[in-house]
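Raw final-v3.cif, mmCIF, C-alpha atoms and all ligand atoms:
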```
data_work
#
loop_
_atom_site.label_atom_id
_atom_site.label_comp_id
_atom_site.auth_asym_id
_atom_site.auth_seq_id
_atom_site.Cartn_x
_atom_site.Cartn_y
_atom_site.Cartn_z
CA ILE B 1 31.72 21.43 22.24
CA GLN B 2 29.64 24.49 21.43
CA THR B 3 27.41 24.53 24.50
CA GLU B 4 25.41 27.59 23.35
CA LEU B 5 23.93 25.82 20.34
CA THR B 6 20.28 24.82 20.24
CA ALA B 7 20.01 21.08 20.81
CA VAL B 8 18.99 19.28 17.64
CA LYS B 9 16.54 17.12 19.63
CA ASP B 10 14.64 20.25 20.74
CA THR B 11 13.95 21.29 17.14
CA VAL B 12 12.34 18.12 15.80
CA PRO B 13 8.99 16.46 16.52
CA PHE B 14 10.40 12.92 16.77
CA ARG B 15 13.14 11.16 18.68
CA MET B 16 16.51 12.29 17.36
CA GLY B 17 19.26 9.72 17.47
CA ALA B 18 22.87 9.09 16.58
CA ALA B 19 24.76 5.84 16.14
CA ILE B 20 27.99 5.71 18.09
CA GLN B 21 30.87 3.44 18.99
CA ARG B 22 31.73 2.50 22.54
CA GLN B 23 34.91 4.59 22.76
CA GLN B 24 32.96 7.74 21.83
CA ILE B 25 30.99 7.93 25.08
CA LEU B 26 34.11 9.16 26.83
CA GLY B 27 34.91 12.83 26.71
CA LEU B 28 33.69 15.43 24.28
CA GLU B 29 31.81 13.10 21.97
CA GLY B 30 29.75 11.81 24.86
CA GLN B 31 28.89 15.41 25.68
CA LEU B 32 27.99 16.18 22.08
CA LEU B 33 25.78 13.11 22.00
CA THR B 34 23.82 13.86 25.15
CA LYS B 35 23.44 17.55 24.32
CA HIS B 36 21.89 17.04 20.90
CA PHE B 37 20.29 13.60 20.87
CA ASP B 38 17.69 11.72 22.88
CA SER B 39 18.23 8.36 21.20
CA VAL B 40 21.36 6.34 20.61
CA THR B 41 22.00 3.35 18.36
CA THR B 42 24.81 0.87 19.03
CA GLY B 43 26.91 1.27 15.87
CA ASN B 44 28.65 -2.09 15.95
CA GLN B 45 28.60 -3.47 19.46
CA LEU B 46 25.40 -5.51 19.17
CA LYS B 47 26.16 -7.10 15.82
CA TRP B 48 26.51 -10.86 15.91
CA ASP B 49 30.30 -10.88 15.44
CA PHE B 50 30.61 -8.74 18.56
CA THR B 51 28.06 -10.48 20.77
CA GLU B 52 28.48 -14.17 19.90
CA PRO B 53 31.80 -14.66 18.09
CA ARG B 54 31.77 -18.37 18.96
CA GLU B 55 28.68 -20.44 19.46
CA GLY B 56 27.21 -19.96 22.91
CA GLU B 57 30.02 -17.60 24.04
CA PHE B 58 28.50 -14.20 24.51
CA THR B 59 30.45 -10.98 25.04
CA PHE B 60 28.50 -7.96 26.18
CA ALA B 61 31.06 -5.70 27.85
CA ALA B 62 31.21 -3.09 25.06
CA ALA B 63 27.47 -3.10 24.42
CA ASP B 64 26.73 -2.85 28.15
CA GLU B 65 28.83 0.30 28.43
CA LEU B 66 27.03 1.97 25.54
CA VAL B 67 23.57 0.95 26.64
CA ASP B 68 24.19 1.99 30.25
CA PHE B 69 25.55 5.35 29.08
CA GLY B 70 22.38 5.95 27.08
CA ILE B 71 20.09 4.94 29.94
CA ALA B 72 22.06 6.97 32.50
CA ASN B 73 21.53 10.02 30.27
CA GLY B 74 17.81 9.46 29.83
CA MET B 75 18.05 8.42 26.19
CA HIS B 76 16.15 5.86 24.15
CA VAL B 77 18.44 3.06 23.06
CA ARG B 78 18.18 1.29 19.69
CA GLY B 79 19.73 -2.16 19.29
CA HIS B 80 21.37 -2.95 15.96
CA THR B 81 21.02 -5.67 14.66
CA LEU B 82 19.76 -9.24 15.17
CA ALA B 83 19.79 -10.89 11.73
CA TRP B 84 22.03 -9.59 8.95
CA HIS B 85 24.18 -11.19 6.25
CA SER B 86 27.20 -9.06 7.18
CA GLN B 87 29.32 -8.98 10.36
CA THR B 88 28.00 -12.43 11.19
CA PRO B 89 30.57 -15.08 12.13
CA ALA B 90 31.05 -18.01 9.74
CA TRP B 91 30.13 -20.60 12.36
CA VAL B 92 26.51 -19.45 12.27
CA PHE B 93 26.02 -20.99 8.83
CA GLU B 94 28.41 -23.93 9.16
CA ASN B 95 26.78 -27.35 8.81
CA ALA B 96 23.44 -25.63 9.22
CA THR B 97 20.28 -27.37 8.20
CA LYS B 98 17.25 -25.12 8.28
CA GLU B 99 16.32 -26.44 11.71
CA VAL B 100 19.80 -25.87 13.11
CA LEU B 101 20.08 -22.35 11.72
CA LEU B 102 16.70 -21.28 13.06
CA ALA B 103 17.62 -22.72 16.46
CA ARG B 104 20.89 -20.74 16.45
CA LEU B 105 18.96 -17.61 15.53
CA GLU B 106 16.40 -18.14 18.25
CA ARG B 107 19.02 -18.76 20.91
CA HIS B 108 20.98 -15.69 19.80
CA ILE B 109 17.96 -13.41 19.95
CA ARG B 110 16.85 -14.71 23.34
CA ALA B 111 20.33 -14.12 24.78
CA VAL B 112 21.10 -10.73 23.21
CA MET B 113 17.69 -9.12 23.34
CA GLY B 114 16.82 -10.70 26.65
CA ARG B 115 19.78 -9.05 28.35
CA TYR B 116 18.48 -5.56 27.55
CA VAL B 117 14.75 -5.81 28.17
CA GLY B 118 13.67 -2.57 29.83
CA LYS B 119 16.71 -0.75 28.44
CA ILE B 120 16.67 -1.14 24.66
CA ASP B 121 13.22 -0.18 23.39
CA THR B 122 13.78 -0.57 19.63
CA TRP B 123 15.54 -3.34 17.72
CA ASP B 124 16.59 -3.55 14.09
CA VAL B 125 15.43 -7.15 13.92
CA VAL B 126 16.34 -7.87 10.31
CA ASN B 127 18.71 -5.74 8.27
CA GLU B 128 19.10 -5.49 4.47
CA VAL B 129 17.10 -8.58 3.53
CA ILE B 130 15.58 -7.11 0.35
CA ASP B 131 17.06 -7.47 -3.13
CA GLU B 132 14.87 -5.79 -5.69
CA ASN B 133 16.67 -7.60 -8.52
CA GLN B 134 15.35 -10.98 -7.42
CA PRO B 135 11.92 -11.96 -8.69
CA ASP B 136 10.70 -12.48 -5.12
CA GLY B 137 12.55 -9.40 -3.83
CA LEU B 138 14.62 -11.35 -1.31
CA ARG B 139 18.38 -11.20 -0.87
CA ARG B 140 20.22 -14.44 -1.56
CA SER B 141 22.06 -14.51 1.77
CA PRO B 142 22.93 -17.73 3.58
CA TRP B 143 19.92 -16.97 5.77
CA PHE B 144 17.65 -17.06 2.78
CA GLU B 145 19.37 -19.93 0.99
CA ILE B 146 18.99 -22.16 4.05
CA THR B 147 15.62 -21.09 5.46
CA GLY B 148 13.70 -19.11 2.82
CA LEU B 149 11.54 -16.49 4.52
CA ASP B 150 11.45 -18.43 7.76
CA TYR B 151 14.45 -16.70 9.34
CA ILE B 152 12.55 -13.42 9.10
CA ARG B 153 9.41 -14.96 10.58
CA THR B 154 11.40 -16.60 13.37
CA ALA B 155 13.38 -13.45 14.15
CA PHE B 156 10.26 -11.33 14.63
CA ARG B 157 8.31 -14.02 16.47
CA VAL B 158 11.10 -14.62 18.97
CA ALA B 159 11.85 -10.90 19.34
CA HIS B 160 8.19 -10.26 20.11
CA GLU B 161 8.19 -13.04 22.70
CA VAL B 162 11.29 -11.67 24.38
CA ASP B 163 9.93 -8.12 24.57
CA PRO B 164 6.32 -7.60 23.50
CA THR B 165 6.63 -3.84 24.05
CA ALA B 166 9.72 -3.25 21.92
CA LYS B 167 9.55 -1.65 18.50
CA LEU B 168 10.66 -4.33 16.04
CA VAL B 169 12.15 -2.89 12.88
CA PHE B 170 12.42 -4.26 9.35
CA ASN B 171 15.40 -2.19 8.19
CA ASP B 172 16.92 -1.57 4.76
CA TYR B 173 18.82 0.89 2.56
CA ASN B 174 17.90 2.57 -0.74
CA THR B 175 14.21 2.47 0.15
CA GLU B 176 13.94 5.91 -1.46
CA TYR B 177 14.46 4.22 -4.85
CA PRO B 178 11.15 3.08 -6.38
CA ASN B 179 12.18 -0.50 -7.19
CA LYS B 180 13.64 -1.15 -3.77
CA ARG B 181 10.68 0.55 -2.11
CA GLU B 182 8.17 -1.64 -3.93
CA ALA B 183 10.11 -4.86 -3.32
CA MET B 184 10.28 -4.08 0.38
CA TYR B 185 6.64 -3.04 0.52
CA LYS B 186 5.54 -6.37 -0.96
CA VAL B 187 7.53 -8.48 1.46
CA VAL B 188 6.56 -6.44 4.53
CA LYS B 189 2.90 -6.50 3.53
CA GLN B 190 2.92 -10.26 3.02
CA LEU B 191 4.52 -10.83 6.42
CA LEU B 192 2.12 -8.45 8.17
CA ASP B 193 -0.81 -10.22 6.49
CA GLU B 194 0.52 -13.47 7.95
CA GLY B 195 0.64 -11.90 11.41
CA VAL B 196 4.41 -11.53 11.70
CA PRO B 197 4.90 -8.91 14.47
CA ILE B 198 6.78 -6.23 12.51
CA THR B 199 6.00 -2.90 14.19
CA THR B 200 8.23 -0.57 12.24
CA VAL B 201 9.78 -0.05 8.82
CA GLY B 202 13.29 1.38 8.97
CA HIS B 203 14.76 3.49 6.19
CA GLN B 204 18.53 3.66 6.50
CA LEU B 205 18.67 6.73 4.23
CA HIS B 206 22.34 6.68 3.31
CA VAL B 207 22.02 9.36 0.65
CA ASN B 208 24.30 11.88 -1.02
CA ILE B 209 24.08 15.57 -1.83
CA GLU B 210 21.94 14.80 -4.91
CA ALA B 211 20.16 11.47 -4.83
CA GLN B 212 17.38 10.66 -4.26
CA PRO B 213 15.42 13.94 -4.30
CA ALA B 214 13.48 14.75 -1.16
CA SER B 215 10.27 14.08 -3.10
CA ALA B 216 11.32 10.42 -3.50
CA ILE B 217 11.90 10.17 0.24
CA GLU B 218 8.43 11.60 0.74
CA ASP B 219 6.94 9.06 -1.69
CA THR B 220 8.50 6.27 0.34
CA ILE B 221 7.13 7.51 3.67
CA GLU B 222 3.68 7.93 2.13
CA ARG B 223 3.80 4.45 0.58
CA PHE B 224 4.52 2.70 3.87
CA ALA B 225 1.97 4.84 5.69
CA GLY B 226 -0.60 2.54 4.07
CA LEU B 227 0.62 -0.34 6.24
CA PRO B 228 -0.09 -0.81 9.97
CA VAL B 229 3.46 0.10 11.02
CA ASP B 230 5.29 3.20 12.10
CA GLN B 231 8.50 4.26 10.40
CA GLN B 232 11.95 5.38 11.39
CA VAL B 233 14.92 6.86 9.62
CA THR B 234 17.65 4.69 11.04
CA GLU B 235 21.04 5.56 9.49
CA LEU B 236 20.89 8.96 7.82
CA ASP B 237 24.02 10.50 6.38
CA VAL B 238 24.64 12.67 3.30
CA SER B 239 27.78 11.75 1.38
CA VAL B 240 29.58 14.61 -0.36
CA TYR B 241 30.18 12.33 -3.37
CA THR B 242 27.65 11.38 -6.02
CA ASP B 243 29.63 8.37 -7.28
CA SER B 244 31.64 5.57 -5.72
CA THR B 245 35.09 6.40 -7.10
CA SER B 246 35.94 10.11 -6.93
CA SER B 247 37.67 11.63 -3.94
CA TRP B 248 38.76 15.06 -2.75
CA GLU B 249 41.85 15.92 -0.77
CA SER B 250 39.83 18.61 0.88
CA ILE B 251 36.13 19.09 0.45
CA PRO B 252 35.12 22.35 -1.29
CA GLU B 253 33.22 24.76 0.93
CA GLU B 254 30.39 25.05 -1.61
CA ILE B 255 29.77 21.33 -1.30
CA ILE B 256 29.51 21.64 2.48
CA ILE B 257 26.99 24.46 2.00
CA GLU B 258 25.04 22.48 -0.59
CA GLN B 259 24.92 19.66 1.93
CA GLY B 260 23.35 22.03 4.45
CA HIS B 261 20.55 22.78 1.99
CA ARG B 262 20.16 19.08 1.33
CA TYR B 263 19.74 18.32 5.05
CA LYS B 264 17.16 21.10 5.22
CA ASP B 265 15.20 19.66 2.27
CA ILE B 266 15.23 16.21 3.84
CA PHE B 267 14.16 17.48 7.26
CA ASP B 268 11.37 19.55 5.69
CA VAL B 269 9.92 16.26 4.46
CA LEU B 270 10.56 14.44 7.74
CA ARG B 271 8.92 17.18 9.79
CA ARG B 272 5.93 17.22 7.47
CA HIS B 273 5.46 13.49 8.09
CA ALA B 274 6.33 13.52 11.79
CA GLY B 275 3.12 11.66 12.63
CA LYS B 276 4.37 8.63 10.71
CA LEU B 277 7.93 8.71 12.06
CA SER B 278 8.85 7.61 15.56
CA SER B 279 12.52 8.49 15.27
CA VAL B 280 15.27 9.79 13.03
CA THR B 281 18.86 8.66 13.56
CA VAL B 282 22.07 9.85 11.95
CA TRP B 283 24.77 7.25 11.39
CA GLY B 284 27.51 8.90 13.39
CA LEU B 285 28.12 11.97 15.52
CA ALA B 286 30.72 13.95 13.64
CA ASP B 287 32.84 13.76 10.50
CA ASN B 288 35.88 12.54 12.43
CA ASP B 289 34.25 9.14 12.64
CA THR B 290 32.08 8.08 9.72
CA TRP B 291 31.88 4.69 8.05
CA LEU B 292 31.86 6.55 4.67
CA SER B 293 35.54 7.38 5.04
CA THR B 294 36.21 3.71 4.26
CA PHE B 295 33.14 2.69 2.26
CA PRO B 296 32.94 1.97 -0.67
CA ILE B 297 36.56 3.12 -0.89
CA THR B 298 38.89 4.96 1.45
CA ARG B 299 38.37 8.67 0.87
CA LEU B 300 37.73 11.84 2.80
CA ASN B 301 34.02 12.19 3.47
CA ALA B 302 32.01 14.54 5.66
CA PRO B 303 28.41 13.34 5.77
CA LEU B 304 27.28 14.40 9.25
CA LEU B 305 26.03 17.42 11.23
CA PHE B 306 29.30 18.22 13.00
CA ASP B 307 32.79 18.53 11.53
CA ASP B 308 35.90 16.66 12.57
CA GLN B 309 36.48 19.24 15.31
CA LEU B 310 32.92 18.55 16.57
CA GLN B 311 31.78 22.00 15.41
CA ALA B 312 28.35 22.61 13.87
CA LYS B 313 28.32 22.58 10.05
CA PRO B 314 25.80 24.07 7.60
CA ALA B 315 24.23 20.61 7.83
CA TYR B 316 23.46 21.27 11.50
CA TRP B 317 21.85 24.60 10.63
CA GLY B 318 19.89 22.99 7.84
CA VAL B 319 18.35 20.65 10.39
CA VAL B 320 17.71 23.03 13.30
CA ASP B 321 16.67 26.13 11.37
CA PRO B 322 13.76 25.09 9.20
CA SER B 323 12.68 28.65 8.28
C1 LIG D 1 28.85 0.01 9.50
C2 LIG D 1 29.65 0.57 10.67
O1 LIG D 1 29.36 1.94 10.83
C3 LIG D 1 31.13 0.36 10.44
O2 LIG D 1 31.88 0.76 11.58
C4 LIG D 1 31.39 -1.12 10.15
O3 LIG D 1 32.76 -1.30 9.83
C5 LIG D 1 30.52 -1.60 8.99
O4 LIG D 1 29.16 -1.34 9.29
N1 LIG D 1 24.35 -0.26 7.08
C6 LIG D 1 24.19 -0.80 8.35
C7 LIG D 1 25.25 -0.57 9.37
O5 LIG D 1 23.14 -1.36 8.65
O6 LIG D 1 25.36 -1.65 10.26
C8 LIG D 1 26.59 -0.27 8.75
O7 LIG D 1 27.48 0.10 9.79
C9 LIG D 1 26.46 0.82 7.72
C10 LIG D 1 25.53 0.41 6.61
#
```
Please re-express this file's structure in structure tokens.
Ligand code: XIL
Amino acid sequence: IQTELTAVKDTVPFRMGAAIQRQQILGLEGQLLTKHFDSVTTGNQLKWDFTEPREGEFTFAAADELVDFGIANGMHVRGHTLAWHSQTPAWVFENATKEVLLARLERHIRAVMGRYVGKIDTWDVVNEVIDENQPDGLRRSPWFEITGLDYIRTAFRVAHEVDPTAKLVFNDYNTEYPNKREAMYKVVKQLLDEGVPITTVGHQLHVNIEAQPASAIEDTIERFAGLPVDQQVTELDVSVYTDSTSSWESIPEEIIIEQGHRYKDIFDVLRRHAGKLSSVTVWGLADNDTWLSTFPITRLNAPLLFDDQLQAKPAYWGVVDPS
């Protein structure tokens, strides 16, 4: 890795994180992580299908390694995620009355979160529960179909009981789009009014080189600043594609440069609102390992700060050099 570079974490007024996979803590990627970041999110290893593949059988080996690596290197650790419609084993919803499902959720949260009290200080408690195309703004997942809003209430209540000091995040994507933003705002506000212990609104911020403009991101941060929560950017990356079908065999240099400007524009906004943001996390370390190379289709993508040789890209300079 380029040891002479300024550490990204030293250039921003909030915690700076990256999501990683367990195998990446070994070798150069582990070095890149600890040089530039002071927060780490478990990319997959704390999702339900990893931690409780069969009811009551918990597997923590991979998550333990990641969490211990973060703690050993003085980092904040973010746990991802406790209740989500994806990467959740089928058994969770099988033969589930509302009572049964909420009991499974409670037991899961007590086991998973409880193991890391004192180590993981922030949890994405619920993930992607908003659907702005529903009249009530709520995604029709099995969670919702079986329990209504109660799975969200239960998840936060139990999480708060397990660790009253942890930041508890209500996390979603596309919050920079006005309709999604407003749908999420309404639900979060209602739950806060009821006393549900949400501490933090998480904006995934999976964006691309064009959409949404930085001004829309700013509007979103300002909107949620009216609620008694702090905010985090939880999964930032900047796709080089503006649609879901095109693909390049090799990515034009001018796109990589444009992406650098885009990162700068986004970080200008984030720095300006640092008082409202407790952390900013990118969803991956380097372009050699990004979920966007398989989603929504398999194609070459390069959405992160470092290239597939772990070298700093214009995106890195856009973040660290705000002049
Ligand atoms: C992605 C992981 O990065 C992939 O490795 C996995 O195959 C699918 O999930 N929003 C989220 C994350 O909240 O959990 C997703 O992570 C990316 C989109």
**Q.** Selected residue of minimal separation from B:Arg139 among B:Thr51, B:Asn127, B:Thr59, B:Ser247, counting only C-alpha atoms
**A.** B:Asn127
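Going from atom CA of B:Val280 over to atom CA of B:Gln21, you cover 17.9 Å.
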Kindly work out which residues sit at most 7 Å from ligand LIG 1 (chain D), using all atoms listed in the file, and give the list as a PDB file with C-alpha atoms, keeping the file's coordinate frame.
```
ATOM      1  CA  GLY B  43      26.910   1.270  15.870  1.00  0.00           C
ATOM      2  CA  ASN B  44      28.650  -2.090  15.950  1.00  0.00           C
ATOM      3  CA  ASN B 127      18.710  -5.740   8.270  1.00  0.00           C
ATOM      4  CA  THR B 290      32.080   8.080   9.720  1.00  0.00           C
ATOM      5  CA  TRP B 291      31.880   4.690   8.050  1.00  0.00           C
TER       6      TRP B 291
END
```
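Comparing the minimum interatomic distances between B:Asp321 and each of B:Glu99, B:Leu285, B:Arg271, B:Asn171, counting only C-alpha atoms, we find that B:Arg271 sits nearest.
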Calculate, to one decimal in Å, the centre and edge lengths of the box along x, y and z of the file that holds all listed atoms of stretch 179-190 of chain B with 5 Å of margin on each side, and present them as AutoDock Vina command-line options.
```
--center_x 8.3 --center_y -4.9 --center_z -1.3 --size_x 20.7 --size_y 20.8 --size_z 21.7
```
Q.
Which residue is closest to B:Pro296? Choose from B:Val320, B:Thr245, B:Arg15, B:Ala315 and count only C-alpha atoms.
A.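 Going through B:Val320, B:Thr245, B:Arg15, B:Ala315 one by one, the smallest distance to B:Pro296 is for B:Thr245.
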Q: Work out how far apart atom CA of B:Tyr173 and atom CA of B:Gln204 are and give it in Å to one decimal.
A: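 Separation between atom CA of B:Tyr173 and atom CA of B:Gln204: 4.8 Å.
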Q) Looking at all atoms listed in the file, which of B:Gln134, B:Gln45, B:Thr122, B:Ser279 is the one that sits closest to B:Thr234? A)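 Among B:Gln134, B:Gln45, B:Thr122, B:Ser279, it is B:Ser279 that comes nearest to B:Thr234.
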